[in-house]
$ cat model.cif   # mmCIF, C-alpha atoms and all ligand atoms
data_query
#
loop_
_atom_site.label_atom_id
_atom_site.label_comp_id
_atom_site.auth_asym_id
_atom_site.auth_seq_id
_atom_site.Cartn_x
_atom_site.Cartn_y
_atom_site.Cartn_z
CA MET A 1 0.00 0.00 0.00
CA THR A 2 1.38 3.43 -0.82
CA THR A 3 0.78 6.38 1.44
CA THR A 4 0.43 9.79 -0.12
CA THR A 5 1.02 12.87 1.95
CA ILE A 6 -0.85 15.83 0.62
CA GLU A 7 0.78 19.16 1.32
CA PRO A 8 -0.96 22.50 0.93
CA LYS A 9 0.35 24.51 -2.00
CA PRO A 10 3.27 26.64 -0.79
CA MET A 11 2.54 30.33 -0.54
CA THR A 12 5.07 32.82 -1.75
CA THR A 13 5.27 36.22 -0.13
CA ASP A 14 4.88 37.95 -3.50
CA GLU A 15 1.40 36.46 -3.98
CA PRO A 16 -0.98 38.16 -1.56
CA LEU A 17 -3.93 35.94 -0.66
CA ILE A 18 -6.32 38.83 -1.08
CA LEU A 19 -6.09 42.05 -3.06
CA THR A 20 -7.81 45.19 -1.87
CA GLU A 21 -8.68 48.58 -3.28
CA THR A 22 -11.24 51.30 -2.67
CA ASP A 23 -13.38 53.30 -5.05
CA GLY A 24 -15.13 56.17 -3.27
CA HIS A 25 -17.17 54.70 -0.43
CA VAL A 26 -16.85 51.17 -1.85
CA ALA A 27 -14.10 48.76 -0.74
CA ILE A 28 -13.17 45.79 -2.91
CA ILE A 29 -11.65 42.55 -1.66
CA ARG A 30 -10.51 40.04 -4.28
CA ILE A 31 -9.65 36.46 -3.42
CA ASN A 32 -6.28 35.76 -5.04
CA ARG A 33 -5.26 32.09 -5.27
CA PRO A 34 -5.77 31.56 -9.00
CA LYS A 35 -3.66 28.37 -9.20
CA VAL A 36 -6.09 26.53 -6.92
CA LEU A 37 -9.28 28.22 -8.12
CA ASN A 38 -9.30 30.50 -5.07
CA ALA A 39 -9.46 27.62 -2.59
CA LEU A 40 -9.92 29.10 0.86
CA ASN A 41 -7.21 28.24 3.37
CA PRO A 42 -7.15 29.41 7.00
CA ALA A 43 -4.57 32.16 6.35
CA LEU A 44 -6.70 33.61 3.56
CA MET A 45 -9.87 33.45 5.64
CA THR A 46 -8.17 35.17 8.58
CA MET A 47 -6.82 37.89 6.31
CA MET A 48 -10.26 38.37 4.74
CA ALA A 49 -11.97 38.62 8.14
CA GLU A 50 -9.37 41.14 9.35
CA GLN A 51 -9.76 43.25 6.22
CA MET A 52 -13.55 43.19 6.39
CA GLU A 53 -13.44 44.24 10.03
CA ALA A 54 -11.09 47.09 9.15
CA TYR A 55 -13.53 48.28 6.46
CA ASP A 56 -16.42 47.84 8.89
CA ARG A 57 -14.67 50.28 11.26
CA ASP A 58 -13.75 52.75 8.50
CA ASP A 59 -16.30 55.60 8.35
CA ASP A 60 -15.41 56.34 4.72
CA ILE A 61 -16.45 52.86 3.57
CA TYR A 62 -20.18 52.18 3.21
CA VAL A 63 -20.23 48.96 1.17
CA ILE A 64 -17.82 46.04 0.61
CA VAL A 65 -17.55 44.11 -2.67
CA LEU A 66 -16.15 40.57 -2.42
CA ALA A 67 -14.96 39.10 -5.72
CA GLY A 68 -13.05 36.14 -7.07
CA SER A 69 -11.82 35.75 -10.63
CA GLU A 70 -13.81 35.08 -13.77
CA ARG A 71 -12.96 31.35 -13.51
CA ALA A 72 -13.69 30.94 -9.82
CA PHE A 73 -15.23 32.89 -7.00
CA ALA A 74 -13.87 30.10 -4.77
CA ALA A 75 -13.83 26.33 -5.41
CA GLY A 76 -14.20 25.60 -1.71
CA ALA A 77 -12.06 25.25 1.34
CA ASP A 78 -8.53 24.09 0.52
CA ILE A 79 -8.86 20.30 0.30
CA ALA A 80 -5.09 19.73 0.48
CA ASP A 81 -5.02 21.71 3.72
CA MET A 82 -7.87 19.68 5.24
CA ALA A 83 -7.02 16.22 3.92
CA GLU A 84 -4.89 15.02 6.84
CA GLN A 85 -6.69 16.86 9.63
CA SER A 86 -8.23 14.98 12.54
CA THR A 87 -11.29 15.78 14.63
CA ILE A 88 -9.02 17.13 17.37
CA SER A 89 -6.81 19.22 15.07
CA MET A 90 -9.91 20.69 13.37
CA TYR A 91 -11.41 21.40 16.79
CA LYS A 92 -8.21 23.10 17.98
CA ARG A 93 -7.88 25.23 14.84
CA ASP A 94 -11.44 26.48 15.43
CA GLN A 95 -11.70 27.94 11.95
CA PHE A 96 -15.38 28.56 12.50
CA ALA A 97 -14.42 31.54 14.64
CA THR A 98 -13.09 33.25 11.49
CA TRP A 99 -16.35 32.63 9.64
CA GLU A 100 -18.27 34.04 12.63
CA ARG A 101 -16.25 37.25 12.26
CA ILE A 102 -17.39 37.55 8.63
CA LYS A 103 -20.98 36.86 9.69
CA LYS A 104 -20.77 39.82 12.10
CA ILE A 105 -19.77 42.43 9.48
CA LYS A 106 -22.39 45.17 9.71
CA LYS A 107 -21.90 46.89 6.36
CA PRO A 108 -23.50 45.39 3.26
CA ILE A 109 -21.32 42.96 1.31
CA VAL A 110 -21.92 42.54 -2.43
CA ALA A 111 -20.57 39.28 -3.88
CA ALA A 112 -19.30 39.34 -7.48
CA VAL A 113 -19.51 35.67 -8.43
CA SER A 114 -18.25 34.04 -11.61
CA GLY A 115 -17.24 30.45 -12.34
CA PHE A 116 -17.06 28.05 -9.41
CA ALA A 117 -18.68 28.86 -6.07
CA LEU A 118 -18.42 25.48 -4.40
CA GLY A 119 -18.43 24.16 -0.86
CA GLY A 120 -16.91 26.87 1.35
CA GLY A 121 -17.03 29.14 -1.72
CA CYS A 122 -20.81 28.77 -1.87
CA GLU A 123 -20.98 29.24 1.90
CA LEU A 124 -18.87 32.38 1.67
CA MET A 125 -21.13 33.65 -1.12
CA MET A 126 -24.13 33.04 1.15
CA HIS A 127 -22.49 35.15 3.89
CA CYS A 128 -22.77 38.08 1.45
CA ASP A 129 -25.88 40.23 1.20
CA VAL A 130 -26.41 40.93 -2.50
CA ILE A 131 -25.09 38.32 -4.91
CA ILE A 132 -24.31 39.35 -8.49
CA CYS A 133 -23.63 36.32 -10.57
CA SER A 134 -22.15 35.68 -13.99
CA GLU A 135 -24.10 33.41 -16.38
CA THR A 136 -21.12 31.04 -16.14
CA ALA A 137 -21.40 30.50 -12.40
CA GLN A 138 -21.52 26.93 -11.10
CA ILE A 139 -22.74 26.82 -7.55
CA GLY A 140 -22.81 23.82 -5.26
CA GLN A 141 -21.96 22.01 -2.05
CA PRO A 142 -19.98 19.02 -3.35
CA GLU A 143 -18.47 18.06 0.05
CA ILE A 144 -20.42 14.78 -0.14
CA ASN A 145 -17.99 13.67 -2.88
CA LEU A 146 -15.14 14.05 -0.37
CA GLY A 147 -16.81 11.95 2.32
CA VAL A 148 -17.89 14.95 4.36
CA MET A 149 -20.71 17.50 4.36
CA PRO A 150 -21.03 21.29 4.43
CA GLY A 151 -19.57 22.78 7.60
CA ALA A 152 -19.74 26.56 7.27
CA GLY A 153 -23.51 26.96 7.11
CA GLY A 154 -24.35 25.19 3.82
CA THR A 155 -27.07 22.92 5.19
CA GLN A 156 -28.74 25.87 6.94
CA ARG A 157 -28.34 28.86 4.61
CA LEU A 158 -28.87 26.93 1.36
CA THR A 159 -32.02 25.32 2.77
CA ARG A 160 -33.39 28.66 3.92
CA ALA A 161 -32.64 30.17 0.50
CA VAL A 162 -33.89 27.45 -1.87
CA GLY A 163 -36.06 25.18 0.31
CA LYS A 164 -35.59 21.63 1.51
CA ALA A 165 -36.15 19.69 -1.72
CA LEU A 166 -33.54 21.50 -3.79
CA ALA A 167 -31.08 21.83 -0.89
CA MET A 168 -31.24 18.06 -0.37
CA ASP A 169 -30.71 17.49 -4.10
CA VAL A 170 -27.65 19.76 -4.19
CA ILE A 171 -26.08 18.64 -0.90
CA LEU A 172 -26.73 14.89 -1.22
CA THR A 173 -25.78 14.52 -4.88
CA GLY A 174 -23.06 17.19 -5.01
CA ARG A 175 -24.43 18.52 -8.28
CA PHE A 176 -23.81 22.10 -9.35
CA LEU A 177 -26.58 24.65 -9.90
CA SER A 178 -26.37 26.92 -12.92
CA ALA A 179 -26.60 30.66 -12.37
CA GLN A 180 -30.12 30.65 -13.82
CA GLU A 181 -31.27 27.87 -11.46
CA ALA A 182 -29.74 29.75 -8.54
CA LEU A 183 -31.61 32.90 -9.60
CA ASP A 184 -34.88 31.04 -10.15
CA HIS A 185 -34.70 29.67 -6.60
CA GLY A 186 -33.74 32.91 -4.87
CA LEU A 187 -30.15 31.97 -4.05
CA VAL A 188 -28.59 34.88 -5.96
CA SER A 189 -29.80 38.42 -6.64
CA ARG A 190 -29.00 39.01 -10.32
CA VAL A 191 -27.43 37.13 -13.25
CA VAL A 192 -25.49 39.01 -15.92
CA PRO A 193 -23.23 38.10 -18.86
CA PRO A 194 -19.73 37.07 -17.74
CA GLU A 195 -18.09 40.27 -18.99
CA HIS A 196 -20.33 42.35 -16.73
CA PHE A 197 -20.40 40.49 -13.43
CA PHE A 198 -17.82 42.69 -11.70
CA THR A 199 -18.97 46.01 -13.16
CA GLU A 200 -22.56 45.17 -12.26
CA ALA A 201 -21.50 44.35 -8.69
CA MET A 202 -19.66 47.68 -8.53
CA GLN A 203 -22.70 49.53 -9.88
CA VAL A 204 -24.92 47.92 -7.26
CA ALA A 205 -22.40 48.76 -4.52
CA LYS A 206 -22.11 52.38 -5.72
CA GLU A 207 -25.88 52.73 -5.84
CA MET A 208 -26.06 51.48 -2.25
CA ALA A 209 -23.21 53.81 -1.24
CA LYS A 210 -25.41 56.79 -2.17
CA LYS A 211 -27.78 55.88 0.68
CA GLY A 212 -27.39 56.69 4.35
CA PRO A 213 -24.76 54.30 5.73
CA ILE A 214 -26.49 53.83 9.08
CA ALA A 215 -29.78 53.00 7.36
CA LEU A 216 -27.91 50.51 5.15
CA ARG A 217 -26.46 48.76 8.18
CA LEU A 218 -29.69 48.60 10.13
CA ALA A 219 -31.65 47.43 7.08
CA LYS A 220 -29.11 44.61 6.61
CA GLU A 221 -29.49 43.71 10.28
CA GLY A 222 -33.28 43.62 9.92
CA VAL A 223 -33.22 41.31 6.89
CA LEU A 224 -30.75 38.92 8.54
CA LYS A 225 -32.97 38.69 11.63
CA ALA A 226 -35.73 37.30 9.40
CA HIS A 227 -33.73 34.05 9.33
CA GLU A 228 -33.41 33.85 13.07
CA MET A 229 -36.64 35.11 14.59
CA SER A 230 -40.33 34.32 14.48
CA LEU A 231 -42.42 36.74 12.40
CA SER A 232 -43.77 38.63 15.41
CA GLU A 233 -40.32 38.90 17.03
CA GLY A 234 -38.85 40.01 13.72
CA LEU A 235 -41.51 42.67 13.23
CA GLU A 236 -40.89 43.96 16.76
CA TYR A 237 -37.13 44.04 16.07
CA GLU A 238 -37.66 45.85 12.77
CA ARG A 239 -39.80 48.49 14.50
CA LYS A 240 -36.99 49.24 16.96
CA LEU A 241 -34.44 49.57 14.17
CA PHE A 242 -36.86 51.87 12.34
CA TYR A 243 -37.35 54.12 15.40
CA THR A 244 -33.56 54.24 15.90
CA LEU A 245 -33.10 55.81 12.48
CA PHE A 246 -35.15 58.83 13.59
CA ALA A 247 -32.21 59.66 15.88
CA THR A 248 -29.95 60.20 12.85
CA GLU A 249 -29.23 63.37 10.90
CA ASP A 250 -29.49 61.26 7.76
CA GLN A 251 -33.21 60.67 8.40
CA LYS A 252 -33.79 64.44 8.65
CA GLU A 253 -31.69 65.04 5.54
CA GLY A 254 -33.36 62.26 3.53
CA MET A 255 -36.91 63.36 4.29
CA ARG A 256 -36.21 67.10 4.04
CA ALA A 257 -34.48 66.57 0.69
CA PHE A 258 -37.56 64.77 -0.60
CA VAL A 259 -39.87 67.57 0.58
CA GLU A 260 -37.52 70.21 -0.90
CA LYS A 261 -37.26 68.24 -4.18
CA ARG A 262 -33.49 67.90 -4.08
CA LYS A 263 -30.99 65.01 -3.78
CA PRO A 264 -30.11 64.07 -0.19
CA GLU A 265 -26.54 64.33 1.08
CA PHE A 266 -26.11 61.61 3.66
CA LYS A 267 -23.29 61.88 6.14
CA GLY A 268 -23.55 58.72 8.20
CA LYS A 269 -24.58 60.68 11.29
N1 LIG B 1 -8.92 22.84 -2.71
C1 LIG B 1 -7.64 22.74 -3.15
N2 LIG B 1 -7.30 22.79 -4.46
C2 LIG B 1 -8.29 22.92 -5.36
C3 LIG B 1 -9.64 23.02 -4.97
C4 LIG B 1 -9.95 22.98 -3.57
N3 LIG B 1 -11.18 23.11 -3.10
N4 LIG B 1 -10.38 23.14 -6.10
C5 LIG B 1 -9.54 23.13 -7.14
N5 LIG B 1 -8.27 22.98 -6.70
C6 LIG B 1 -7.04 22.94 -7.51
C7 LIG B 1 -6.92 21.63 -8.24
O1 LIG B 1 -6.36 20.65 -7.39
C8 LIG B 1 -6.01 22.00 -9.37
O2 LIG B 1 -4.69 22.07 -8.89
P1 LIG B 1 -3.46 21.47 -9.81
O3 LIG B 1 -3.83 20.09 -10.09
O4 LIG B 1 -3.48 22.36 -11.04
O5 LIG B 1 -2.26 21.65 -8.96
C9 LIG B 1 -6.43 23.42 -9.70
O6 LIG B 1 -7.15 23.90 -8.55
C10 LIG B 1 -7.37 23.48 -10.90
O7 LIG B 1 -8.43 22.57 -10.67
P2 LIG B 1 -8.84 21.44 -11.71
O8 LIG B 1 -7.69 21.02 -12.55
O9 LIG B 1 -9.54 20.36 -10.94
O10 LIG B 1 -9.86 22.25 -12.63
P3 LIG B 1 -11.12 21.69 -13.40
O11 LIG B 1 -11.63 22.84 -14.21
O12 LIG B 1 -10.86 20.39 -14.06
O13 LIG B 1 -12.21 21.37 -12.23
C11 LIG B 1 -13.45 21.89 -10.24
C12 LIG B 1 -12.68 22.44 -11.46
C13 LIG B 1 -13.82 23.11 -9.38
C14 LIG B 1 -14.74 21.19 -10.71
C15 LIG B 1 -12.55 20.90 -9.47
O14 LIG B 1 -11.30 21.53 -9.23
C16 LIG B 1 -13.13 20.50 -8.16
O15 LIG B 1 -13.99 19.62 -8.07
N6 LIG B 1 -12.64 21.11 -7.06
C17 LIG B 1 -13.04 20.77 -5.71
C18 LIG B 1 -14.41 21.35 -5.41
C19 LIG B 1 -14.87 20.92 -4.04
O16 LIG B 1 -15.00 19.73 -3.72
N7 LIG B 1 -15.11 21.91 -3.18
C20 LIG B 1 -15.54 21.66 -1.81
C21 LIG B 1 -14.30 21.53 -0.92
S1 LIG B 1 -14.69 21.11 0.77
C22 LIG B 1 -14.79 24.88 7.36
C23 LIG B 1 -15.34 25.78 6.52
C24 LIG B 1 -15.65 25.41 5.22
C25 LIG B 1 -15.39 24.14 4.79
C26 LIG B 1 -14.82 23.25 5.64
C27 LIG B 1 -14.51 23.61 6.94
N8 LIG B 1 -14.46 25.25 8.70
C28 LIG B 1 -14.75 26.59 9.13
C29 LIG B 1 -13.76 24.38 9.54
C30 LIG B 1 -15.65 23.82 3.41
C31 LIG B 1 -15.29 22.66 2.84
C32 LIG B 1 -15.17 22.61 1.40
O17 LIG B 1 -15.36 23.56 0.70
#
$ encode --input "model.cif" --output "C-alpha cells" --more "lines below"
Ligand code: DAK
Amino acid sequence: MTTTTIEPKPMTTDEPLILTETDGHVAIIRINRPKVLNALNPALMTMMAEQMEAYDRDDDIYVIVLAGSERAFAAGADIADMAEQSTISMYKRDQFATWERIKKIKKPIVAAVSGFALGGGCELMMHCDVIICSETAQIGQPEINLGVMPGAGGTQRLTRAVGKALAMDVILTGRFLSAQEALDHGLVSRVVPPEHFFTEAMQVAKEMAKKGPIALRLAKEGVLKAHEMSLSEGLEYERKLFYTLFATEDQKEGMRAFVEKRKPEFKGK
C-alpha cells in the first residue's frame, strides 16, 4: 500500500492571498489564489476577516464588494489543507471563529460571483448580502464527494434560501446549480453576462453607497434577523431599528431633501 502525503500549495510572499482597493465609499476585496481556483485556506480566511473588520470600522467605507476571478469565486475550502486533519486538530484550529467574524460584518457585502462557487465558496457567497452572478457561475456544495458535508452553514443557509427539496438534491448529490437555477430559486440576486459580473457588482455597490450608511447597516441587520426570529419577534425588532433611524441626521436630511425636491446628502450621522 502506498501512502500519499498531501501538502498544501506553498505560498510565496509575493502572492498576496487577497487584493484590496477602494473606489469612493466602496471597498473591494478580491480572493487571489488563481492556481487553486481560489481555494480558501485558514490564512486567507483570517486575512479576509481582518480586512472586512477594518472596512467595517472605516467611516469612509459604506459597502464592501467581495470578488473572485472570472474562472472561480472560490472552489471551496482548501482540500489539500484539510485532507490530513483529525477531529481534534480541526477542533483546535477552530476555523469557525473566522467565519463568525465575517458573519458579524455590519456593512453590506456585495458578492461578485463568476465560475465556481463550491463548498466553502458557496458558503462564503451566502455570507454576502447581495449576490451578483455571472451566467457562467456553477454553484454547489460538493463536500459529499469528499466523504464529508457542508460545515460553514451550507445545510442551513442553502435550505433557507432554496427550500428543503432543492437543498437536499444539491447537498446529497453534489451537483452544481447553474446561475439561472440559482436565480430562479432565490439563491442569488442578479445574473449578468460574464463580462459584466464585476462592473454590475460595482454599480450595485455604488448605488447602495449613495444611501445613508447607518440605514444601510440597520436594514441589513433587519433582513438577517428574518432568518433567526419568528415573524412577530422580527416585526418587533424591525420596529426598533426603524425608530432608531429617527435619531440620525441622515433621516432628517433624507426626508427634508424629498420635501424640498433635491438630492439628499447623507453623512452617516
Ligand atoms: N482545494 C484545493 N485545491 C483545489 C480546490 C480545492 N477546493 N479546487 C480546485 N483545486 C485545484 C486543483 O487541485 C487544481 O490544482 P493542480 O492540479 O493544477 O495543482 C487546480 O485547482 C485546478 O483545478 P482542476 O484542474 O480540478 O480544474 P477543473 O476545471 O478540471 O475542475 C473543479 C474544477 C472546481 C470542478 C474541481 O477543481 C473540483 O472539483 N474542485 C473541488 C471542489 C470541491 O469539492 N469543493 C468543496 C471543498 S470542501 C470549514 C469551513 C468550510 C469548509 C470546511 C470547513 N471550517 C470553518 C472548519 C468547506 C469545505 C469545502 O469547501
$ closest_residue --input "model.cif" --among "A:Met149, A:Val26, A:Val110, A:Ala54" --to "ligand LIG 1 (chain B)" --atoms "only C-alpha atoms and all ligand atoms"
A:Met149
$ atom_distance --input "model.cif" --atom1 "atom C9 of ligand LIG 1 (chain B)" --atom2 "CA of Gly115 in chain A"
13.2 Å
$ atom_distance --input "model.cif" --atom1 "CA of Gly151 in chain A" --atom2 "CA of Ala75 in chain A"
14.7 Å
$ atom_distance --input "model.cif" --atom1 "CA of Gly24 in chain A" --atom2 "CA of Gln51 in chain A"
16.9 Å
$ closest_atom_pairs --input "model.cif" --of "chain A" --to "ligand LIG 1 (chain B)" --cutoff "7 Å" --atoms "all atoms listed in the file" --output "Markdown table"
| residue | atom | partner | partner_atom | distance |
| --- | --- | --- | --- | --- |
| A:Lys35 | CA | B:LIG1 | C9 | 5.7 |
| A:Val36 | CA | B:LIG1 | O6 | 3.3 |
| A:Leu37 | CA | B:LIG1 | O6 | 4.8 |
| A:Ala39 | CA | B:LIG1 | C4 | 4.8 |
| A:Ala75 | CA | B:LIG1 | N4 | 4.7 |
| A:Gly76 | CA | B:LIG1 | O17 | 3.4 |
| A:Ala77 | CA | B:LIG1 | O17 | 3.8 |
| A:Asp78 | CA | B:LIG1 | N1 | 3.5 |
| A:Ile79 | CA | B:LIG1 | N1 | 3.9 |
| A:Ala80 | CA | B:LIG1 | C1 | 5.4 |
| A:Met90 | CA | B:LIG1 | C29 | 6.6 |
| A:Asp94 | CA | B:LIG1 | C29 | 6.7 |
| A:Gln95 | CA | B:LIG1 | C28 | 4.4 |
| A:Phe96 | CA | B:LIG1 | C28 | 4.0 |
| A:Trp99 | CA | B:LIG1 | C28 | 6.3 |
| A:Phe116 | CA | B:LIG1 | C13 | 5.9 |
| A:Leu118 | CA | B:LIG1 | N7 | 5.0 |
| A:Gly119 | CA | B:LIG1 | O17 | 3.5 |
| A:Gly120 | CA | B:LIG1 | O17 | 3.7 |
| A:Gly121 | CA | B:LIG1 | O17 | 6.3 |
| A:Gln141 | CA | B:LIG1 | C20 | 6.4 |
| A:Pro142 | CA | B:LIG1 | O16 | 5.0 |
| A:Glu143 | CA | B:LIG1 | S1 | 4.9 |
| A:Asn145 | CA | B:LIG1 | O16 | 6.8 |
| A:Leu146 | CA | B:LIG1 | O16 | 6.6 |
| A:Pro150 | CA | B:LIG1 | C30 | 6.0 |
| A:Gly151 | CA | B:LIG1 | C26 | 5.2 |
| A:Ala152 | CA | B:LIG1 | C23 | 4.5 |
$ closest_residue --input "model.cif" --among "A:Asn41, A:Ala215, A:Met47, A:Arg101" --to "Leu19 in chain A" --atoms "all atoms listed in the file"
A:Met47
$ axis_aligned_box --input "model.cif" --around "range 66-82 of chain A" --padding-each-side "6 Å" --output "lines of an AutoDock Vina configuration file"
center_x = -10.6
center_y = 30.1
center_z = -4.3
size_x = 23.1
size_y = 32.9
size_z = 31.0
$ closest_atom_pairs --input "model.cif" --of "range 84-157 of chain A" --to "range 194-197 of chain A" --cutoff "8 Å" --atoms "only C-alpha atoms" --output "tab-separated table"
residue	atom	partner	partner_atom	distance
A:Ala112	CA	A:Phe197	CA	6.2
A:Val113	CA	A:Phe197	CA	7.0
A:Ser114	CA	A:Pro194	CA	7.0
A:Ile132	CA	A:Phe197	CA	6.4
A:Cys133	CA	A:Phe197	CA	6.0
A:Ser134	CA	A:Pro194	CA	4.7
A:Glu135	CA	A:Pro194	CA	5.9
A:Thr136	CA	A:Pro194	CA	6.4
$ closest_residue --input "model.cif" --among "A:Met45, A:Ala117, A:Leu158, A:Glu200" --to "Ala179 in chain A" --atoms "only C-alpha atoms"
A:Ala117
$ closest_residue --input "model.cif" --among "A:Lys269, A:Arg262, A:His227, A:Arg157" --to "Thr244 in chain A" --atoms "all atoms listed in the file"
A:Lys269
$ closest_residue --input "model.cif" --among "A:His127, A:Lys220, A:Lys252, A:Arg71" --to "Asn32 in chain A" --atoms "only C-alpha atoms"
A:Arg71
$ closest_residue --input "model.cif" --among "A:Arg160, A:Lys104, A:Arg30, A:Arg190" --to "Met48 in chain A" --atoms "only C-alpha atoms"
A:Arg30
